[in-house]
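> Next comes query-v1.txt, compact mmCIF, C-alpha atoms and all ligand atoms:
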```
# COMPACT_ATOMS: atom_id res chain seq x y z
CA MET M 1 -17.52 72.66 -42.98
CA ASN M 2 -14.26 70.83 -42.67
CA THR M 3 -14.01 71.57 -38.96
CA LYS M 4 -17.59 70.48 -38.38
CA CYS M 5 -16.88 67.21 -40.12
CA LYS M 6 -13.85 66.56 -37.96
CA LEU M 7 -15.79 67.37 -34.83
CA ASP M 8 -18.49 64.93 -35.81
CA LEU M 9 -15.90 62.25 -36.30
CA ALA M 10 -14.40 62.94 -32.88
CA GLU M 11 -17.86 62.80 -31.34
CA ARG M 12 -18.58 59.59 -33.12
CA ASP M 13 -15.32 58.09 -31.91
CA SER M 14 -15.89 59.05 -28.31
CA LYS M 15 -19.42 57.66 -28.50
CA ILE M 16 -18.04 54.37 -29.80
CA ILE M 17 -15.46 54.26 -27.01
CA GLU M 18 -18.08 55.14 -24.45
CA LEU M 19 -20.36 52.31 -25.61
CA ARG M 20 -17.44 49.92 -25.68
CA GLY M 21 -16.76 50.89 -22.06
CA GLU M 22 -20.30 49.81 -21.25
CA GLY M 23 -19.40 46.38 -22.54
CA LYS M 24 -21.38 46.51 -25.76
CA THR M 25 -20.41 44.43 -28.73
CA SER M 26 -19.18 45.97 -31.96
CA THR M 27 -22.47 45.11 -33.65
CA GLU M 28 -24.50 46.84 -30.95
CA ILE M 29 -22.25 49.88 -31.08
CA ALA M 30 -22.49 50.02 -34.88
CA LYS M 31 -26.31 50.02 -34.68
CA GLU M 32 -26.46 52.66 -31.97
CA VAL M 33 -23.96 55.06 -33.56
CA GLY M 34 -25.26 54.39 -37.06
CA VAL M 35 -22.04 53.24 -38.65
CA CYS M 36 -20.93 49.94 -40.05
CA GLY M 37 -19.23 47.28 -37.95
CA GLN M 38 -15.94 47.77 -39.71
CA THR M 39 -15.88 51.45 -38.73
CA VAL M 40 -16.39 50.47 -35.10
CA MET M 41 -13.53 47.99 -35.38
CA ASN M 42 -11.30 50.59 -36.99
CA VAL M 43 -12.00 53.15 -34.27
CA LEU M 44 -11.50 50.63 -31.46
CA THR M 45 -8.30 49.41 -33.06
CA ARG M 46 -7.04 52.97 -33.42
CA TYR M 47 -7.54 53.55 -29.70
CA GLY M 48 -6.09 50.17 -28.80
CA LEU M 49 -9.42 48.85 -27.54
CA HIS M 50 -9.74 46.11 -30.04
CA GLU M 51 -7.27 43.44 -30.99
CA PRO M 52 -7.64 42.59 -34.65
CA LYS M 53 -8.10 38.91 -35.20
CA LYS M 54 -4.79 37.34 -35.97
CA LEU M 55 -4.37 34.45 -38.31
CA ASN M 56 -2.40 31.85 -36.41
CA LYS M 57 -1.14 30.09 -39.45
CA THR M 58 2.49 30.66 -38.63
CA SER M 59 2.42 29.99 -34.89
CA LYS M 60 2.72 26.44 -33.67
CA PRO M 61 -0.44 24.94 -32.20
CA SER M 62 1.64 23.41 -29.40
CA LYS M 63 1.96 26.91 -27.94
CA GLN M 64 -1.74 26.93 -27.17
CA LYS M 65 -2.49 26.40 -23.53
CA THR M 66 -6.19 26.02 -23.99
CA LYS M 67 -8.48 23.91 -26.09
CA ARG M 68 -11.60 25.03 -27.88
CA CYS M 69 -14.80 23.10 -27.32
CA PRO M 70 -16.40 22.19 -30.66
CA THR M 71 -19.84 22.07 -29.02
CA CYS M 72 -20.16 25.33 -27.08
CA LYS M 73 -17.07 27.11 -28.44
CA ALA M 74 -15.64 27.66 -24.95
CA THR M 75 -11.96 28.46 -25.30
CA ASN M 76 -10.92 28.30 -21.66
CA ASN M 77 -10.45 24.55 -21.38
CA PRO M 78 -7.00 23.46 -20.21
CA LYS M 79 -5.02 21.74 -22.95
CA GLU M 80 -5.05 18.43 -21.10
CA ALA M 81 -8.76 18.55 -20.28
CA LYS M 82 -10.85 15.58 -21.36
CA PHE M 83 -14.17 17.28 -20.97
CA CYS M 84 -15.33 20.83 -21.58
CA CYS M 85 -15.49 22.88 -18.37
CA MET M 86 -18.56 24.72 -19.67
CA CYS M 87 -20.80 22.09 -21.23
CA GLY M 88 -19.13 18.79 -20.30
CA SER M 89 -18.64 17.61 -23.87
CA ASP M 90 -15.89 15.16 -24.67
CA ILE M 91 -13.14 17.37 -26.08
CA ARG M 92 -10.40 14.78 -26.37
CA SER M 93 -8.64 14.66 -29.69
CA GLU M 94 -8.47 11.48 -31.72
CA ALA M 95 -4.86 11.12 -30.60
CA ASP M 96 -5.83 11.39 -26.92
CA ILE M 97 -8.48 8.71 -27.34
CA LEU M 98 -6.07 6.48 -29.24
CA LEU M 99 -3.45 6.83 -26.50
CA GLU M 100 -5.99 5.86 -23.87
CA ARG M 101 -7.11 2.85 -25.86
CA LEU M 102 -3.53 1.78 -26.43
CA ASN M 103 -2.67 1.96 -22.74
CA LYS M 104 -5.86 0.22 -21.74
CA ALA M 105 -5.27 -2.55 -24.25
CA TYR M 106 -1.71 -3.10 -23.07
CA LYS M 107 -2.67 -3.08 -19.39
CA ALA M 108 -5.44 -5.56 -20.09
CA CYS M 109 -3.24 -8.08 -21.86
CA CYS M 110 0.33 -7.50 -20.68
CA ASP M 111 0.10 -10.37 -18.19
CA LEU M 112 -1.04 -12.70 -20.95
CA ILE M 113 1.76 -11.88 -23.36
CA PRO M 114 4.54 -14.50 -23.19
CA GLY M 115 7.71 -13.19 -21.54
CA SER M 116 9.71 -13.75 -24.71
CA ILE M 117 7.80 -11.11 -26.66
CA ASN M 118 6.41 -9.08 -23.76
CA GLU M 119 9.31 -6.64 -23.86
CA GLU M 120 8.97 -6.15 -27.59
CA VAL M 121 5.23 -5.53 -27.34
CA ARG M 122 5.85 -3.11 -24.49
CA ASN M 123 8.50 -1.22 -26.46
CA THR M 124 6.24 -1.08 -29.49
CA ILE M 125 3.46 0.43 -27.42
CA LEU M 126 5.83 2.90 -25.77
CA ASP M 127 7.19 3.94 -29.17
CA ALA M 128 3.69 4.29 -30.57
CA THR M 129 2.70 6.37 -27.52
CA LYS M 130 5.71 8.64 -27.99
CA PHE M 131 4.99 8.94 -31.69
CA ILE M 132 1.37 9.94 -31.13
CA GLU M 133 2.38 12.37 -28.36
CA THR M 134 4.83 14.16 -30.66
CA HIS M 135 2.53 14.23 -33.65
CA LYS M 136 -0.83 14.89 -32.10
CA GLU M 137 -0.37 18.69 -32.14
CA ILE M 138 0.05 18.79 -35.87
ZN ZN D 201 -18.29 22.99 -24.30
```
Please lay out the structure from this file as structure tokens.
Ligand SMILES: [Zn+2]

Amino acid sequence: MNTKCKLDLAERDSKIIELRGEGKTSTEIAKEVGVCGQTVMNVLTRYGLHEPKKLNKTSKPSKQKTKRCPTCKATNNPKEAKFCCMCGSDIRSEADILLERLNKAYKACCDLIPGSINEEVRNTILDATKFIETHKEI
């Protein structure tokens, strides 16, 4: 009885691994093998075929090299990308947009600013740019 049970478990596990090898999702595997999704996850994790989702609360967001698209959920966009490589949505952050506006505004009016305060305005914009750059990841 005990042996039979163990054998069944081994069979179940190998079936799960086999289906995973075919590229099926955990949900599909769960349905086909007749177990719950969590069991599939546990088996895959045990055999190193599934990475449990990690909560990234402790890691700094600045370490991320890619950006997630809020529209199509694509995660392979380069960090500096302005538009999603999958669906073309605008994926700039508010900080990115603000930086662009700031630069555009300065470029548009820098010739009009009197020389006496031009340097100060320029420094203010440069400081603001730096500030946004350092804080936009938070
Ligand atoms: Zn997208």
> Collect all residues with atoms no farther than 6 Å from ligand ZN 201 (chain D), counting only C-alpha atoms and all ligand atoms, and output them as number ranges by chain.
M: 69, 71-74, 84, 86-89
> Which residues come within 10 Å of region 42-51 of chain M, counting all atoms listed in the file, excluding same-chain residues fewer than 5 positions away, as a ChimeraX atom specification?
/M:12-14,16-17,20-21,26,37
> Write the residues of the selection above to a file with C-alpha atoms, as a PDB file, in the coordinates of the input.

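Written file, again-v1.pdb:
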```
ATOM      1  CA  ARG M  12     -18.580  59.590 -33.120  1.00  0.00           C
ATOM      2  CA  ASP M  13     -15.320  58.090 -31.910  1.00  0.00           C
ATOM      3  CA  SER M  14     -15.890  59.050 -28.310  1.00  0.00           C
ATOM      4  CA  ILE M  16     -18.040  54.370 -29.800  1.00  0.00           C
ATOM      5  CA  ILE M  17     -15.460  54.260 -27.010  1.00  0.00           C
ATOM      6  CA  ARG M  20     -17.440  49.920 -25.680  1.00  0.00           C
ATOM      7  CA  GLY M  21     -16.760  50.890 -22.060  1.00  0.00           C
ATOM      8  CA  SER M  26     -19.180  45.970 -31.960  1.00  0.00           C
ATOM      9  CA  GLY M  37     -19.230  47.280 -37.950  1.00  0.00           C
TER      10      GLY M  37
END
```
> For Lys104 (chain M), which of M:Ile125, M:Val40, M:Leu19, M:Ala10 is the closest residue, counting all atoms listed in the file?
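Of M:Ile125, M:Val40, M:Leu19, M:Ala10, the one nearest Lys104 (chain M), counting all atoms listed in the file, is M:Ile125.
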> Report, in Å to a single decimal, how far apart CA of Lys65 (chain M) and CA of Glu80 (chain M) are.
8.7 Å
> Expressed in Å to a single decimal, how great is the separation between CA of Glu133 (chain M) and CA of Ala81 (chain M)?
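Separating CA of Glu133 (chain M) from CA of Ala81 (chain M) is a distance of 15.1 Å.
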> Which of these, M:Phe83, M:Thr27, M:Ile97, M:Arg122, has the shortest distance to Lys67 (chain M) once you count only C-alpha atoms?
M:Phe83
> Let me make sure I understand: among M:Ser116, M:Asn76, M:Thr39, M:Thr124, which one has the smallest atom-to-atom distance to Ile91 (chain M) if we use all atoms listed in the file?
M:Asn76
> What is the CA of Glu18 (chain M) to CA of Cys36 (chain M) distance in Å?
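One can read the CA of Glu18 (chain M) to CA of Cys36 (chain M) distance as 16.7 Å.
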> Identify which of the residues M:Glu32, M:Glu120, M:Glu22, M:Asp127 lies closest to Leu99 (chain M), counting only C-alpha atoms when measuring atom-to-atom distances.
M:Asp127
> Given only C-alpha atoms as the basis, pick out the residue of M:Glu11, M:Asp111, M:Glu94, M:Glu28 nearest to Lys136 (chain M).
M:Glu94
> Which residue out of M:Leu102, M:Gly115, M:Pro70, M:Ala108 has the minimum interatomic distance to Asp90 (chain M) when only C-alpha atoms are used?
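Distance minimum relative to Asp90 (chain M) lands on M:Pro70.
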> Would you compute, for all listed atoms of region 33-44 of chain M, the axis-aligned bounding box grown by 4 Å on each side, and then report its centre and edge lengths in Å rounded to one decimal, as JSON?

```
{"center_x": -18.3, "center_y": 51.2, "center_z": -35.8, "size_x": 22.0, "size_y": 15.8, "size_z": 16.6}
```
> Using the partial input, fill out region 15-48 of chain M with N, CA and C atoms; write the result as a PDB file, keeping the file's coordinate frame.

```pdb
ATOM      1  N   LYS M  15     -18.179  58.406 -28.763  1.00  0.00           N
ATOM      2  CA  LYS M  15     -19.420  57.660 -28.500  1.00  0.00           C
ATOM      3  C   LYS M  15     -19.146  56.145 -28.590  1.00  0.00           C
ATOM      4  N   ILE M  16     -18.392  55.787 -29.617  1.00  0.00           N
ATOM      5  CA  ILE M  16     -18.040  54.370 -29.800  1.00  0.00           C
ATOM      6  C   ILE M  16     -17.256  53.855 -28.601  1.00  0.00           C
ATOM      7  N   ILE M  17     -16.289  54.663 -28.152  1.00  0.00           N
ATOM      8  CA  ILE M  17     -15.460  54.260 -27.010  1.00  0.00           C
ATOM      9  C   ILE M  17     -16.302  54.163 -25.735  1.00  0.00           C
ATOM     10  N   GLU M  18     -17.188  55.117 -25.621  1.00  0.00           N
ATOM     11  CA  GLU M  18     -18.080  55.140 -24.450  1.00  0.00           C
ATOM     12  C   GLU M  18     -18.924  53.864 -24.387  1.00  0.00           C
ATOM     13  N   LEU M  19     -19.518  53.501 -25.543  1.00  0.00           N
ATOM     14  CA  LEU M  19     -20.360  52.310 -25.610  1.00  0.00           C
ATOM     15  C   LEU M  19     -19.538  51.042 -25.380  1.00  0.00           C
ATOM     16  N   ARG M  20     -18.320  51.064 -25.877  1.00  0.00           N
ATOM     17  CA  ARG M  20     -17.440  49.920 -25.680  1.00  0.00           C
ATOM     18  C   ARG M  20     -17.159  49.745 -24.177  1.00  0.00           C
ATOM     19  N   GLY M  21     -17.004  50.885 -23.509  1.00  0.00           N
ATOM     20  CA  GLY M  21     -16.760  50.890 -22.060  1.00  0.00           C
ATOM     21  C   GLY M  21     -17.926  50.275 -21.299  1.00  0.00           C
ATOM     22  N   GLU M  22     -19.118  50.397 -21.879  1.00  0.00           N
ATOM     23  CA  GLU M  22     -20.300  49.810 -21.250  1.00  0.00           C
ATOM     24  C   GLU M  22     -20.409  48.310 -21.537  1.00  0.00           C
ATOM     25  N   GLY M  23     -19.450  47.810 -22.272  1.00  0.00           N
ATOM     26  CA  GLY M  23     -19.400  46.380 -22.540  1.00  0.00           C
ATOM     27  C   GLY M  23     -20.239  45.937 -23.716  1.00  0.00           C
ATOM     28  N   LYS M  24     -20.576  46.886 -24.585  1.00  0.00           N
ATOM     29  CA  LYS M  24     -21.380  46.510 -25.760  1.00  0.00           C
ATOM     30  C   LYS M  24     -20.522  45.882 -26.842  1.00  0.00           C
ATOM     31  N   THR M  25     -21.146  45.055 -27.637  1.00  0.00           N
ATOM     32  CA  THR M  25     -20.410  44.430 -28.730  1.00  0.00           C
ATOM     33  C   THR M  25     -20.305  45.399 -29.897  1.00  0.00           C
ATOM     34  N   SER M  26     -19.401  45.096 -30.800  1.00  0.00           N
ATOM     35  CA  SER M  26     -19.180  45.970 -31.960  1.00  0.00           C
ATOM     36  C   SER M  26     -20.448  46.138 -32.772  1.00  0.00           C
ATOM     37  N   THR M  27     -21.226  45.068 -32.887  1.00  0.00           N
ATOM     38  CA  THR M  27     -22.470  45.110 -33.650  1.00  0.00           C
ATOM     39  C   THR M  27     -23.472  46.068 -33.004  1.00  0.00           C
ATOM     40  N   GLU M  28     -23.577  45.958 -31.675  1.00  0.00           N
ATOM     41  CA  GLU M  28     -24.500  46.840 -30.950  1.00  0.00           C
ATOM     42  C   GLU M  28     -24.080  48.298 -31.079  1.00  0.00           C
ATOM     43  N   ILE M  29     -22.779  48.515 -30.964  1.00  0.00           N
ATOM     44  CA  ILE M  29     -22.250  49.880 -31.080  1.00  0.00           C
ATOM     45  C   ILE M  29     -22.538  50.433 -32.476  1.00  0.00           C
ATOM     46  N   ALA M  30     -22.284  49.600 -33.487  1.00  0.00           N
ATOM     47  CA  ALA M  30     -22.490  50.020 -34.880  1.00  0.00           C
ATOM     48  C   ALA M  30     -23.936  50.483 -35.096  1.00  0.00           C
ATOM     49  N   LYS M  31     -24.888  49.697 -34.550  1.00  0.00           N
ATOM     50  CA  LYS M  31     -26.310  50.020 -34.680  1.00  0.00           C
ATOM     51  C   LYS M  31     -26.625  51.354 -34.017  1.00  0.00           C
ATOM     52  N   GLU M  32     -26.125  51.496 -32.774  1.00  0.00           N
ATOM     53  CA  GLU M  32     -26.460  52.660 -31.970  1.00  0.00           C
ATOM     54  C   GLU M  32     -25.860  53.953 -32.541  1.00  0.00           C
ATOM     55  N   VAL M  33     -24.627  53.871 -33.021  1.00  0.00           N
ATOM     56  CA  VAL M  33     -23.960  55.060 -33.560  1.00  0.00           C
ATOM     57  C   VAL M  33     -24.363  55.298 -35.006  1.00  0.00           C
ATOM     58  N   GLY M  34     -24.837  54.257 -35.676  1.00  0.00           N
ATOM     59  CA  GLY M  34     -25.260  54.390 -37.060  1.00  0.00           C
ATOM     60  C   GLY M  34     -24.122  54.295 -38.050  1.00  0.00           C
ATOM     61  N   VAL M  35     -23.144  53.475 -37.714  1.00  0.00           N
ATOM     62  CA  VAL M  35     -22.040  53.240 -38.650  1.00  0.00           C
ATOM     63  C   VAL M  35     -21.940  51.735 -38.905  1.00  0.00           C
ATOM     64  N   CYS M  36     -21.070  51.369 -39.807  1.00  0.00           N
ATOM     65  CA  CYS M  36     -20.930  49.940 -40.050  1.00  0.00           C
ATOM     66  C   CYS M  36     -19.947  49.317 -39.057  1.00  0.00           C
ATOM     67  N   GLY M  37     -20.054  48.003 -38.914  1.00  0.00           N
ATOM     68  CA  GLY M  37     -19.230  47.280 -37.950  1.00  0.00           C
ATOM     69  C   GLY M  37     -17.745  47.495 -38.152  1.00  0.00           C
ATOM     70  N   GLN M  38     -17.355  47.598 -39.401  1.00  0.00           N
ATOM     71  CA  GLN M  38     -15.940  47.770 -39.710  1.00  0.00           C
ATOM     72  C   GLN M  38     -15.423  49.099 -39.172  1.00  0.00           C
ATOM     73  N   THR M  39     -16.277  50.140 -39.254  1.00  0.00           N
ATOM     74  CA  THR M  39     -15.880  51.450 -38.730  1.00  0.00           C
ATOM     75  C   THR M  39     -15.644  51.358 -37.232  1.00  0.00           C
ATOM     76  N   VAL M  40     -16.545  50.655 -36.548  1.00  0.00           N
ATOM     77  CA  VAL M  40     -16.390  50.470 -35.100  1.00  0.00           C
ATOM     78  C   VAL M  40     -15.061  49.789 -34.799  1.00  0.00           C
ATOM     79  N   MET M  41     -14.790  48.730 -35.542  1.00  0.00           N
ATOM     80  CA  MET M  41     -13.530  47.990 -35.380  1.00  0.00           C
ATOM     81  C   MET M  41     -12.337  48.917 -35.584  1.00  0.00           C
ATOM     82  N   ASN M  42     -12.411  49.703 -36.666  1.00  0.00           N
ATOM     83  CA  ASN M  42     -11.300  50.590 -36.990  1.00  0.00           C
ATOM     84  C   ASN M  42     -11.044  51.592 -35.866  1.00  0.00           C
ATOM     85  N   VAL M  43     -12.133  52.167 -35.346  1.00  0.00           N
ATOM     86  CA  VAL M  43     -12.000  53.150 -34.270  1.00  0.00           C
ATOM     87  C   VAL M  43     -11.413  52.500 -33.025  1.00  0.00           C
ATOM     88  N   LEU M  44     -11.981  51.334 -32.659  1.00  0.00           N
ATOM     89  CA  LEU M  44     -11.500  50.630 -31.460  1.00  0.00           C
ATOM     90  C   LEU M  44     -10.037  50.227 -31.610  1.00  0.00           C
ATOM     91  N   THR M  45      -9.686  49.804 -32.809  1.00  0.00           N
ATOM     92  CA  THR M  45      -8.300  49.410 -33.060  1.00  0.00           C
ATOM     93  C   THR M  45      -7.375  50.606 -32.919  1.00  0.00           C
ATOM     94  N   ARG M  46      -7.840  51.753 -33.459  1.00  0.00           N
ATOM     95  CA  ARG M  46      -7.040  52.970 -33.420  1.00  0.00           C
ATOM     96  C   ARG M  46      -6.763  53.383 -31.968  1.00  0.00           C
ATOM     97  N   TYR M  47      -7.730  53.156 -31.101  1.00  0.00           N
ATOM     98  CA  TYR M  47      -7.540  53.550 -29.700  1.00  0.00           C
ATOM     99  C   TYR M  47      -7.039  52.378 -28.845  1.00  0.00           C
ATOM    100  N   GLY M  48      -6.667  51.313 -29.513  1.00  0.00           N
ATOM    101  CA  GLY M  48      -6.090  50.170 -28.800  1.00  0.00           C
ATOM    102  C   GLY M  48      -7.106  49.410 -27.960  1.00  0.00           C
TER     103      GLY M  48
END
```
